[in-house]
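The structure appears below as structure tokens.
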Amino acid sequence: MPDLADPIQTIHTLQTQALDALLALQHLIDNYTPLHEDRVAALALQIGRRLELDAPRLQALHMAARVHDIGKINIPLDILNKPGKLSEAEFDLIKTHAQTSYEVLNRIDFSLPVADIVHAHHEYIDGSGYPRGLRGDDILLESRILTVADIVESMSEDRPYRKSLGMPAALQEISRLRGIRLDPAAVDACLQLCANEH
Ligand SMILES: [Fe+2]
Ligand SMILES: [Fe+2]
């Protein structure tokens with residue numbers, strides 16, 4: 001039971017429980033994605049700390065990252081985990097998850113931009129991302145951090161349909177995309193963090 005004597009703590013507890021419930025549901029359908037989200041959340045938080053985001057922004061970033069792919073619940077697992085190249089129609093279907101995640105999370109009153117951060121986690125600063133083709137500073141910094149963490153985790157860990165490509169390849173890829181698709185400061189922070197660890 002939340003401690004009703006502290007309203008802010010109560011709200012935070014209820015928000016966390018709402019996210020935990022969504023993740024429990026996702027885990028029943030797809031036991032891989034919540035693990036991915038957990039690892040992305042840990043890395044995104046480290047990048048956010050390095051960029052000196054304040055406590056509420058770090059909290060929003062961490063919550064958003066934990067559930068950023070919740071909309072994948074709506075995508076058949078055989079498409080989500082398909083090895084090899086996806087057809088255009090399959091890729092279009094996968095891309096819908098960013099909007100679905102936003103629509104699900106926007107139903108929870110976070111009083112922090114959690115749903116907005118998630119909405120833009122596949123946007124790129126050159127406007128080539130989805131679902132809205134946002135550019136540069138029109139994308140929240142928290143989303144730009146999440147994008148970098150998402151790419152690094154996706155490449156450096158095993159996925160259901162392929163083995164890890166390795167951390168060096170992941171860091172090379174974000175360096176290649178630095179300032180083109182990815183926020184330079186977020187990339188630099190991630191490179192520093194991961195270089196210290198590996
Ligand atoms: Fe995603
Ligand atoms: Fe992801």
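Ordering of the structure tokens sets the chain letters (A, B, ...); residue numbers start at 1 within each chain; ligands are numbered from 1 in the order shown.
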Exercise answer, 10 Å around ligand 2 with only C-alpha atoms and all ligand atoms, as a list in words
Thr33, Pro34, His36, Glu37, Asp38, Arg39, Val40, Ala41, Ala65, Arg66, Val67, His68, Asp69, Ile70, Lys72, His97, Ala98, Val118, His121, His122, Leu146, Thr147, Ala149, Asp150, Ile151, Val152, Glu153 and Ser154 of chain A
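The closest residue to ligand 1, picked from A:Gln15, A:Ser101, A:Ser87, A:Thr10 and counting only C-alpha atoms and all ligand atoms, is A:Ser101.
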Just the residues within 8 Å of Leu193 (chain A), please, counting only C-alpha atoms, with nothing from its chain fewer than 4 positions along; format it as a PyMOL selection string.
chain A and resi 46-47+189+197
I want to know what sits within 12 Å of Gly179 (chain A), based on only C-alpha atoms, with residues of the same chain fewer than 3 positions away left out; could you give that as a list in words?
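In the requested format, the answer is Tyr124, Ile125, Asp126, Gly127, Arg135, Gly136, Arg144, Val148, Ile174, Ser175, Arg176, Leu182, Asp183, Pro184, Ala185, Ala186, Val187 and Asp188 of chain A.
Compared by their closest atoms to ligand 1, and using only C-alpha atoms and all ligand atoms, the residues A:Met167, A:Leu4, A:Ile73, A:Ala55 rank with A:Ile73 nearest.
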Assign secondary structure with DSSP using the backbone only, and return the residues of region 25-191 of chain A in helix (DSSP H, G or I) as a PyMOL selection string.
chain A and resi 25-29+33-50+55-66+70-74+77-80+88-105+114-119+136-138+141-156+167-177+184-191
